[in-house]
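Visitor: Okay, so here is run11.txt, and as you'll see once you scroll down, it has compact mmCIF, C-alpha atoms.
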# COMPACT_ATOMS: atom_id res chain seq x y z
CA LEU A 1 -33.86 22.27 -26.28
CA LEU A 2 -36.18 24.90 -24.80
CA THR A 3 -39.74 25.85 -25.71
CA LEU A 4 -40.74 29.43 -24.92
CA ASN A 5 -43.96 31.28 -25.69
CA THR A 6 -42.09 34.57 -26.04
CA PRO A 7 -38.40 35.39 -26.50
CA LEU A 8 -36.31 35.62 -23.33
CA TYR A 9 -33.68 38.34 -23.04
CA VAL A 10 -30.70 37.73 -20.79
CA ARG A 11 -28.09 40.32 -19.80
CA SER A 12 -24.86 39.33 -18.11
CA LEU A 13 -24.29 41.13 -14.78
CA SER A 14 -20.57 40.37 -14.76
CA SER A 15 -17.84 40.52 -17.37
CA SER A 16 -15.68 38.04 -15.46
CA VAL A 17 -14.07 35.40 -17.68
CA GLY A 18 -15.45 32.79 -15.30
CA ASN A 19 -19.02 33.96 -15.81
CA LEU A 20 -20.89 31.59 -18.11
CA LEU A 21 -23.44 34.16 -19.26
CA ALA A 22 -20.72 36.70 -19.93
CA ALA A 23 -18.97 34.20 -22.14
CA LEU A 24 -22.15 33.21 -23.94
CA ALA A 25 -23.40 36.76 -24.36
CA THR A 26 -20.32 38.27 -25.92
CA SER A 27 -22.30 41.37 -26.83
CA GLY A 28 -23.54 41.71 -23.26
CA GLU A 29 -27.03 40.56 -24.21
CA ILE A 30 -28.48 37.43 -25.80
CA GLU A 31 -31.92 36.53 -27.07
CA VAL A 32 -33.29 33.06 -26.40
CA THR A 33 -36.19 32.00 -28.63
CA ASN A 34 -38.14 28.81 -29.09
CA THR A 35 -36.00 27.77 -32.05
CA VAL A 36 -35.00 24.10 -31.85
CA ILE A 37 -31.24 23.89 -32.41
CA ASN A 38 -30.77 20.13 -32.20
CA ASN A 39 -33.65 17.79 -33.00
CA SER A 40 -31.47 14.75 -32.30
CA PHE A 41 -30.55 15.58 -28.71
CA LEU A 42 -31.50 12.66 -26.46
CA GLY A 43 -31.12 14.52 -23.17
CA ALA A 44 -28.42 15.12 -20.59
CA GLY A 45 -27.39 12.36 -18.25
CA VAL A 46 -24.89 10.59 -16.09
CA ASN A 47 -22.72 7.47 -15.67
CA VAL A 48 -23.71 4.91 -13.04
CA LEU A 49 -21.73 2.16 -11.29
CA PRO A 50 -24.61 0.11 -9.77
CA MET A 51 -22.43 -1.83 -7.34
CA GLN A 52 -23.21 -0.32 -3.95
CA LEU A 53 -25.29 -3.24 -2.70
CA MET A 54 -22.70 -5.81 -3.74
CA LYS A 55 -20.17 -7.58 -1.51
CA ASN A 56 -17.13 -5.32 -1.94
CA SER A 57 -19.12 -2.21 -1.16
CA LYS A 58 -20.78 -3.75 1.89
CA ASN A 59 -17.38 -4.87 3.18
CA LEU A 60 -16.35 -1.21 3.10
CA GLY A 61 -19.29 -0.17 5.24
CA TYR A 62 -22.11 0.56 2.79
CA ARG A 63 -25.49 -0.05 4.43
CA ALA A 64 -28.57 -0.94 2.40
CA GLU A 65 -30.58 1.77 4.17
CA PHE A 66 -28.44 4.43 2.50
CA LEU A 67 -30.07 3.58 -0.82
CA ALA A 68 -33.13 5.55 0.32
CA SER A 69 -31.00 8.71 0.39
CA GLU A 70 -29.58 7.88 -3.04
CA ARG A 71 -33.06 7.32 -4.40
CA GLU A 72 -34.20 10.80 -3.38
CA VAL A 73 -31.15 12.47 -4.90
CA ILE A 74 -31.52 10.56 -8.18
CA ARG A 75 -35.20 11.51 -8.35
CA SER A 76 -34.26 15.17 -7.90
CA LEU A 77 -31.46 15.02 -10.49
CA ASN A 78 -33.82 13.26 -12.91
CA PRO A 79 -31.25 12.29 -15.58
CA LYS A 80 -32.71 11.75 -19.03
CA VAL A 81 -30.07 9.15 -19.99
CA ALA A 82 -27.95 6.92 -17.74
CA ARG A 83 -24.98 4.86 -18.87
CA VAL A 84 -25.05 1.85 -16.54
CA TRP A 85 -22.14 -0.57 -16.14
CA PHE A 86 -23.00 -4.30 -16.36
CA GLN A 87 -21.04 -7.55 -15.86
CA ASN A 88 -22.00 -11.05 -17.02
CA ASP A 89 -21.10 -12.72 -13.72
CA TRP A 90 -24.01 -10.86 -12.16
CA PHE A 91 -26.49 -13.17 -13.90
CA GLN A 92 -24.60 -15.95 -15.66
CA THR A 93 -23.27 -19.31 -14.43
CA GLY A 94 -22.05 -20.78 -17.74
CA TRP A 95 -22.36 -20.23 -21.47
CA TYR A 96 -26.12 -20.25 -22.19
CA ASN A 97 -26.90 -20.64 -18.46
CA TYR A 98 -28.60 -17.66 -16.79
CA ASN A 99 -29.75 -17.00 -13.24
CA PHE A 100 -31.68 -13.77 -12.74
CA GLU A 101 -32.01 -14.52 -9.02
CA LYS A 102 -28.31 -13.99 -8.28
CA ASP A 103 -27.66 -11.47 -5.51
CA GLU A 104 -25.55 -9.29 -7.79
CA PHE A 105 -28.31 -9.05 -10.38
CA LYS A 106 -30.84 -8.15 -7.70
CA ALA A 107 -28.46 -5.45 -6.43
CA PHE A 108 -28.15 -4.10 -9.99
CA LEU A 109 -31.94 -4.00 -10.29
CA GLU A 110 -32.25 -1.82 -7.18
CA TYR A 111 -30.73 1.02 -9.20
CA MET A 112 -32.58 0.10 -12.36
CA ASP A 113 -35.83 0.31 -10.39
CA ILE A 114 -35.12 3.98 -9.65
CA PHE A 115 -34.50 4.77 -13.32
CA LYS A 116 -37.58 2.80 -14.29
CA GLU A 117 -39.65 4.90 -11.89
CA ILE A 118 -38.47 8.26 -13.25
CA GLY A 119 -38.32 7.22 -16.91
CA THR A 120 -34.57 7.53 -17.51
CA ASP A 121 -33.44 5.98 -20.80
CA ILE A 122 -30.71 3.42 -20.15
CA GLU A 123 -27.50 2.87 -22.06
CA LEU A 124 -26.44 -0.57 -20.80
CA ASP A 125 -22.69 -1.03 -21.11
CA PHE A 126 -21.78 -4.73 -21.28
CA SER A 127 -18.28 -5.02 -19.87
CA PHE A 128 -15.62 -7.55 -20.86
CA VAL A 129 -14.51 -7.36 -17.22
CA VAL A 130 -16.16 -10.18 -15.24
CA GLY A 131 -15.89 -11.55 -11.71
CA THR A 132 -13.60 -14.39 -10.71
CA SER A 133 -16.50 -16.83 -10.35
CA ILE A 134 -16.90 -17.19 -14.14
CA GLN A 135 -13.42 -16.44 -15.47
CA ASN A 136 -12.54 -20.14 -15.80
CA TRP A 137 -15.02 -20.61 -18.64
CA PHE A 138 -15.53 -17.02 -19.85
CA GLY A 139 -11.98 -15.89 -20.65
CA ILE A 140 -9.61 -16.58 -23.53
CA GLU A 141 -7.19 -19.43 -22.87
CA GLY A 142 -3.62 -18.29 -22.34
CA VAL A 143 -4.46 -14.75 -21.23
CA THR A 144 -2.48 -14.16 -18.04
CA ASP A 145 -4.69 -11.39 -16.66
CA GLN A 146 -8.14 -12.97 -16.72
CA ASN A 147 -9.57 -9.83 -15.09
CA ARG A 148 -9.06 -8.21 -18.49
CA SER A 149 -9.84 -11.10 -20.82
CA ALA A 150 -12.47 -10.69 -23.50
CA PRO A 151 -15.00 -13.55 -23.87
CA ASN A 152 -13.83 -16.68 -25.67
CA ASN A 153 -17.15 -17.35 -27.42
CA LEU A 154 -18.69 -14.43 -29.29
CA GLU A 155 -21.87 -16.25 -30.30
CA ALA A 156 -22.50 -17.24 -26.68
CA PHE A 157 -21.63 -13.75 -25.45
CA ALA A 158 -24.11 -12.26 -27.92
CA ASP A 159 -26.75 -14.67 -26.61
CA SER A 160 -26.07 -13.44 -23.06
CA VAL A 161 -26.63 -9.84 -24.18
CA LEU A 162 -29.86 -10.91 -25.88
CA LYS A 163 -31.19 -12.81 -22.86
CA CYS A 164 -30.36 -9.97 -20.48
CA LEU A 165 -32.09 -7.41 -22.70
CA GLN A 166 -35.15 -9.62 -23.11
CA TYR A 167 -35.47 -10.04 -19.35
CA LEU A 168 -35.12 -6.32 -18.68
CA LYS A 169 -37.59 -5.34 -21.41
CA GLN A 170 -40.15 -7.91 -20.29
CA ASN A 171 -39.97 -6.43 -16.80
CA GLY A 172 -40.42 -2.85 -17.94
CA TYR A 173 -36.88 -1.53 -17.59
CA PRO A 174 -36.23 1.35 -20.04
CA VAL A 175 -33.11 0.02 -21.78
CA LYS A 176 -32.82 1.70 -25.17
CA TYR A 177 -29.11 1.72 -25.99
CA ILE A 178 -26.39 -0.96 -25.90
CA THR A 179 -22.65 -0.39 -25.65
CA LEU A 180 -19.72 -2.75 -25.32
CA SER A 181 -16.73 -2.62 -23.02
CA ASN A 182 -15.21 0.66 -21.83
CA GLU A 183 -12.55 2.62 -23.68
CA PRO A 184 -11.35 -0.25 -25.89
CA ASP A 185 -8.63 1.98 -27.33
CA HIS A 186 -7.11 1.98 -23.88
CA LEU A 187 -5.49 -1.15 -22.41
CA ASN A 188 -8.87 -2.22 -21.05
CA TYR A 189 -9.28 -5.75 -22.41
CA ILE A 190 -7.21 -8.52 -23.97
CA ALA A 191 -8.53 -10.13 -27.14
CA ASN A 192 -5.54 -12.34 -27.96
CA ALA A 193 -3.05 -13.98 -25.61
CA GLU A 194 -0.13 -13.55 -28.00
CA ASN A 195 -0.88 -10.34 -29.84
CA ASN A 196 -3.12 -7.68 -28.32
CA ASN A 197 -2.25 -4.69 -30.48
CA MET A 198 -4.85 -2.12 -31.47
CA SER A 199 -5.74 -3.68 -34.83
CA VAL A 200 -6.39 -7.06 -33.17
CA LYS A 201 -8.55 -5.45 -30.49
CA MET A 202 -10.47 -3.40 -33.06
CA GLU A 203 -11.18 -6.46 -35.20
CA TYR A 204 -12.41 -8.35 -32.14
CA TYR A 205 -14.57 -5.42 -31.06
CA VAL A 206 -16.20 -5.22 -34.50
CA GLN A 207 -16.83 -8.98 -34.53
CA THR A 208 -18.51 -8.76 -31.13
CA LEU A 209 -20.78 -5.88 -32.15
CA THR A 210 -21.69 -7.77 -35.32
CA ALA A 211 -22.53 -10.91 -33.32
CA ILE A 212 -24.78 -8.92 -30.97
CA ASP A 213 -26.50 -7.25 -33.92
CA ALA A 214 -27.12 -10.66 -35.52
CA ALA A 215 -28.50 -12.16 -32.30
CA LEU A 216 -30.97 -9.30 -31.84
CA LYS A 217 -32.07 -9.51 -35.49
CA THR A 218 -32.60 -13.28 -35.25
CA ALA A 219 -34.76 -12.75 -32.16
CA GLY A 220 -36.76 -10.07 -33.98
CA ILE A 221 -36.00 -7.30 -31.46
CA ARG A 222 -33.19 -5.36 -33.15
CA SER A 223 -35.49 -2.37 -33.78
CA GLU A 224 -36.13 -2.03 -30.04
CA PHE A 225 -32.51 -1.15 -29.25
CA GLU A 226 -29.76 1.04 -30.63
CA ILE A 227 -26.15 -0.14 -30.67
CA TRP A 228 -23.57 2.53 -29.92
CA GLY A 229 -19.80 2.32 -30.13
CA PRO A 230 -16.89 2.28 -29.74
CA GLU A 231 -16.94 4.03 -26.32
CA CYS A 232 -13.39 5.22 -26.92
CA THR A 233 -11.28 7.56 -24.81
CA SER A 234 -10.93 11.30 -25.37
CA LYS A 235 -8.13 10.37 -27.81
CA GLY A 236 -10.38 8.40 -30.16
CA LEU A 237 -9.97 11.00 -32.90
CA GLU A 238 -6.20 11.04 -32.67
CA ASN A 239 -5.48 7.31 -32.20
CA GLY A 240 -7.51 6.10 -35.17
CA TRP A 241 -10.32 4.29 -33.38
CA LEU A 242 -13.28 6.33 -34.61
CA ASP A 243 -12.29 6.37 -38.28
CA GLY A 244 -10.90 2.84 -37.91
CA ILE A 245 -14.28 1.53 -36.78
CA LYS A 246 -16.01 3.51 -39.53
CA ALA A 247 -13.78 1.83 -42.12
CA TYR A 248 -15.45 -1.52 -41.33
CA ASP A 249 -18.64 -0.16 -42.90
CA LEU A 250 -20.88 -1.06 -39.96
CA GLN A 251 -23.95 0.64 -41.38
CA GLY A 252 -26.91 -1.14 -39.81
CA VAL A 253 -24.76 -2.43 -36.93
CA ILE A 254 -23.72 0.81 -35.20
CA ASP A 255 -26.62 3.24 -34.93
CA ARG A 256 -24.65 6.01 -33.24
CA TYR A 257 -20.98 6.45 -32.47
CA SER A 258 -19.89 7.08 -28.89
CA THR A 259 -16.82 8.67 -27.38
CA HIS A 260 -15.55 10.07 -24.10
CA ASP A 261 -14.35 13.66 -24.01
CA TYR A 262 -12.78 15.27 -20.95
CA GLN A 263 -10.40 17.74 -22.56
CA THR A 264 -12.42 19.81 -25.01
CA TYR A 265 -13.15 23.35 -23.84
CA TYR A 266 -16.61 24.82 -24.36
CA ASN A 267 -15.40 27.19 -27.06
CA ALA A 268 -13.51 24.41 -28.91
CA TYR A 269 -16.47 22.08 -29.40
CA GLU A 270 -17.52 23.45 -32.77
CA ALA A 271 -14.31 22.22 -34.39
CA ARG A 272 -14.22 19.05 -32.28
CA ALA A 273 -17.81 18.16 -33.16
CA ALA A 274 -17.08 18.65 -36.86
CA GLU A 275 -14.18 16.17 -36.57
CA TYR A 276 -16.35 13.65 -34.74
CA LYS A 277 -19.00 13.82 -37.46
CA ALA A 278 -16.46 13.55 -40.27
CA LYS A 279 -14.96 10.35 -38.84
CA THR A 280 -18.29 8.62 -38.08
CA ASN A 281 -21.79 8.39 -39.52
CA GLY A 282 -22.44 11.90 -38.17
CA LYS A 283 -24.44 10.63 -35.19
CA VAL A 284 -22.20 11.03 -32.13
CA CYS A 285 -22.81 10.72 -28.38
CA VAL A 286 -20.43 11.95 -25.67
CA THR A 287 -20.93 9.17 -23.12
CA GLU A 288 -18.38 10.42 -20.57
CA PHE A 289 -17.30 13.96 -19.73
CA GLY A 290 -16.82 16.03 -16.62
CA THR A 291 -14.63 18.14 -14.40
CA ALA A 292 -14.41 18.38 -10.63
CA ASN A 293 -13.23 22.00 -10.70
CA PRO A 294 -15.43 23.90 -13.17
CA THR A 295 -14.18 27.07 -14.83
CA PHE A 296 -16.00 28.55 -17.78
CA LYS A 297 -13.95 26.71 -20.38
CA LEU A 298 -14.36 23.39 -18.56
CA SER A 299 -17.80 24.02 -17.09
CA ASN A 300 -20.00 20.92 -17.14
CA VAL A 301 -23.00 23.04 -18.09
CA GLY A 302 -20.98 24.96 -20.65
CA ARG A 303 -19.87 21.79 -22.36
CA LEU A 304 -23.38 20.36 -22.22
CA ILE A 305 -24.64 23.46 -24.03
CA SER A 306 -21.86 23.23 -26.59
CA VAL A 307 -22.40 19.50 -27.18
CA ALA A 308 -26.07 20.15 -27.91
CA ASN A 309 -25.56 23.35 -29.92
CA ASN A 310 -23.01 21.66 -32.15
CA GLY A 311 -25.24 18.77 -33.12
CA LEU A 312 -23.97 15.93 -30.93
CA HIS A 313 -26.63 13.65 -29.50
CA THR A 314 -26.08 13.42 -25.75
CA ALA A 315 -23.69 14.32 -22.94
CA LEU A 316 -23.29 11.99 -19.93
CA GLU A 317 -21.37 13.28 -16.91
CA TRP A 318 -18.91 11.09 -15.01
CA CYS A 319 -20.18 10.12 -12.55
CA LEU A 320 -23.27 9.80 -10.37
CA SER A 321 -21.67 8.74 -7.08
CA ASN A 322 -18.60 7.23 -5.47
CA SER A 323 -18.55 3.46 -5.59
CA ALA A 324 -16.55 0.40 -4.64
CA PHE A 325 -16.00 -1.63 -7.79
CA ALA A 326 -17.41 -5.15 -7.84
CA ASP A 327 -15.39 -8.36 -8.17
CA PRO A 328 -12.81 -8.80 -9.74
CA PHE A 329 -11.62 -5.41 -8.45
CA ALA A 330 -11.69 -4.77 -4.74
CA GLY A 331 -10.14 -2.94 -1.84
CA SER A 332 -10.96 0.73 -2.29
CA ILE A 333 -13.71 3.20 -3.10
CA HIS A 334 -13.72 5.13 -6.38
CA ASP A 335 -14.06 8.49 -4.59
CA GLU A 336 -13.59 11.33 -7.07
CA GLY A 337 -14.47 14.98 -6.56
CA ILE A 338 -16.25 14.72 -9.89
CA CYS A 339 -19.20 12.81 -8.38
CA LEU A 340 -22.63 14.45 -8.25
CA TYR A 341 -23.13 13.08 -4.76
CA LYS A 342 -21.26 10.81 -2.35
CA ASN A 343 -21.63 8.44 0.51
CA ARG A 344 -19.13 10.18 2.80
CA VAL A 345 -15.84 8.29 3.23
CA VAL A 346 -13.63 8.42 6.34
CA ASN A 347 -10.45 6.36 6.59
CA GLY A 348 -11.37 4.41 3.47
CA ARG A 349 -14.83 3.37 4.68
CA TYR A 350 -18.35 4.58 4.04
CA THR A 351 -20.05 6.51 6.85
CA ASN A 352 -23.49 6.37 5.18
CA GLU A 353 -23.83 10.14 5.32
CA LEU A 354 -24.95 11.95 2.19
CA GLU A 355 -22.69 14.57 0.63
CA VAL A 356 -24.11 16.46 -2.35
CA GLY A 357 -21.31 17.69 -4.61
CA SER A 358 -21.02 21.22 -5.93
CA ILE A 359 -21.32 19.76 -9.43
CA SER A 360 -24.93 18.88 -8.62
CA HIS A 361 -25.70 22.58 -8.22
CA GLU A 362 -24.06 23.39 -11.55
CA TYR A 363 -25.06 20.44 -13.72
CA GLY A 364 -28.05 18.99 -11.87
CA PRO A 365 -30.70 21.56 -12.88
CA ALA A 366 -29.69 21.34 -16.55
CA MET A 367 -29.87 17.54 -16.46
CA SER A 368 -33.26 17.70 -14.77
CA TYR A 369 -34.99 20.40 -16.81
CA ILE A 370 -33.64 20.04 -20.34
CA PRO A 371 -36.12 17.67 -22.01
CA LYS A 372 -35.36 14.68 -24.20
Now, as a test, write the supplied structure out as structure tokens.
Guide:
Amino acid sequence: LLTLNTPLYVRSLSSSVGNLLAALATSGEIEVTNTVINNSFLGAGVNVLPMQLMKNSKNLGYRAEFLASEREVIRSLNPKVARVWFQNDWFQTGWYNYNFEKDEFKAFLEYMDIFKEIGTDIELDFSFVVGTSIQNWFGIEGVTDQNRSAPNNLEAFADSVLKCLQYLKQNGYPVKYITLSNEPDHLNYIANAENNNMSVKMEYYVQTLTAIDAALKTAGIRSEFEIWGPECTSKGLENGWLDGIKAYDLQGVIDRYSTHDYQTYYNAYEARAAEYKAKTNGKVCVTEFGTANPTFKLSNVGRLISVANNGLHTALEWCLSNSAFADPFAGSIHDEGICLYKNRVVNGRYTNELEVGSISHEYGPAMSYIPK
């Protein structure tokens, strides 16, 4: 991850268990050379909810002028990879009908413009969650909670992914990776109105990935994008999703496997990484991790180092900033201490004052300076 002309010697000044260098340099001294440990590391990054300029956020006080402050912080953080949430209602009015002039899509592009400027590689996460304006034709008939319904037409959904990617690529946006839904091993979407158990959801998830893969191949652009999956929770090893997906033999469909991991301590990643590799194709990305109260064992930087040193392919911190979710969810601001920065909130409303989180001081420099 680092290139040095001469070795660098580092001595820990404290033996405190909370001291990262003390923990790394168990002998009191370490030598850092220009040896490349992980040739497959894509860079450190962050998760992004690009919804601040949308209706729900504005109703809670967000002002468009605040984006200038966000832009400067994002430039300084300089993430190498960003996992960006996306919803079909932001650009779609019917199956095979697309409108890239919708206000929501323009709001989404305001954030994409920043990442385009600084060269951040984008993992675009196509959600099964969509706004109320398209649920009447998008969702599966008979599903009571249409906020959680998966799409009823996989071929048409795959076409929407294709058309969105083509538009973004043609306009210079650095989308490189595609993911689907969020934590499908959790109760995040409904694939069948009568039976929504894990095996049904997994089968549906695989069919959707396969349809997207086929659409990109037919259009002749499959080589321009990687498909990652299954974006499972921190329990993906234990609940059977990672090895379950692998059992479908999706070689050529899934390029890298992706998982979230909030629980693994720095010094436990060697064993955890070995399990991840054994239950996948060996190419694994940690697309969500983070802690609001870093100690050594749960340090964001410590886990980033361990992810890279143990051969995993990226680590994306949750999350960039506080945000009000877009339609169909409304009413409050997702305001965690885990955010790198915030638009200050008082009495449930934005004040449009910038608050840079302590996590930025810990994780920000690593994200900025560790190269792809």
Visitor: Return the single residue from A:Lys169, A:Lys201, A:Arg83, A:Lys116 that is closest to Cys319 of chain A, with distances computed using only C-alpha atoms.
Guide: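 Once distances to Cys319 of chain A are computed over only C-alpha atoms, the minimum belongs to A:Arg83.
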Visitor: For atom CA of Asn136 of chain A and atom CA of Phe325 of chain A, determine how far apart the two atoms are, in Å to one decimal place.
Guide: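 Straight-line distance from atom CA of Asn136 of chain A to atom CA of Phe325 of chain A works out to 20.5 Å.
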Visitor: Compare A:Tyr276, A:Phe225, A:Tyr266, A:Trp90 by their minimum atom-to-atom distance to Lys246 of chain A, counting all atoms listed in the file, and give me the closest one.
Guide: A:Tyr276
Visitor: Could you check the closest approach to Ala273 of chain A for each of A:Asp103, A:Lys297, A:Thr291, A:Val307 and tell me which residue wins, using all atoms listed in the file?
Guide: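 Checking each candidate against Ala273 of chain A, we get A:Val307 as the closest.
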Visitor: What is the distance, in Å and to one decimal place, between atom CA of Val301 of chain A and atom CA of Asp261 of chain A?
Guide: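 Rounded to one decimal, the two atoms are 14.1 Å apart.
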Visitor: Have a look at A:Ala191, A:Ala64, A:Val143, A:Leu320 and name the one nearest to Ile359 of chain A; count all atoms listed in the file.
Guide: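 Of A:Ala191, A:Ala64, A:Val143, A:Leu320, the one nearest Ile359 of chain A, counting all atoms listed in the file, is A:Leu320.
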Visitor: Using all atoms listed in the file, determine which residues lie at most 8 Å from segment 52-55 of chain A, disregarding the query and same-chain residues fewer than 2 positions distant; provide the list as a list in words.
Guide: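 Selected residues are Leu49, Pro50, Ser57, Lys58, Asn59, Tyr62, Arg63, Ala64, Asp103, Glu104, Ala107, Phe108, Ser323, Ala324 and Ala326 of chain A.
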Visitor: Using all atoms listed in the file, find the one residue out of A:Ala366, A:Ile37, A:Leu67, A:Cys285 that sits nearest to Glu123 of chain A.
Guide: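 So, comparing all the options, the nearest one is A:Cys285.
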Visitor: In Å, how far is it from atom CA of Val36 of chain A to atom CA of Lys283 of chain A?
Guide: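 Taking atom CA of Val36 of chain A and atom CA of Lys283 of chain A, their separation equals 17.4 Å.
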Visitor: Would you list the contacts of Gly45 of chain A as a list in words, taking every protein, DNA or RNA residue within 7 Å and counting all atoms listed in the file, but skipping same-chain residues closer than 6 positions in sequence?
Guide: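 Here the qualifying residues turn out to be Pro79, Lys80, Val81, Ala82, Ala315, Leu316, Glu317 and Met367 of chain A.
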Visitor: Considering all atoms listed in the file, state which residue in the set A:Phe91, A:Tyr363, A:Phe115, A:Tyr269 is at the smallest distance from Ser133 of chain A.
Guide: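 Comparing A:Phe91, A:Tyr363, A:Phe115, A:Tyr269 against Ser133 of chain A, the winner is A:Phe91.
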Visitor: Using all atoms listed in the file, determine which residues lie at most 10 Å from Gln92 of chain A, disregarding the query and same-chain residues fewer than 3 positions distant; provide the list as a ChimeraX atom specification.
Guide: /A:87-89,95-100,102,105,133-134,160,164
Visitor: List as a list in words: which residues have an atom within 9 Å of (-16.9, 10.1, -15.7), counting only C-alpha atoms?
Guide: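 Returned residue set, sorted by chain then number, is Val46, Asn47, Val48, His260, Tyr262, Thr287, Glu288, Phe289, Gly290, Thr291, Leu316, Glu317, Trp318, Cys319, Leu320, Ile338 and Cys339 of chain A.
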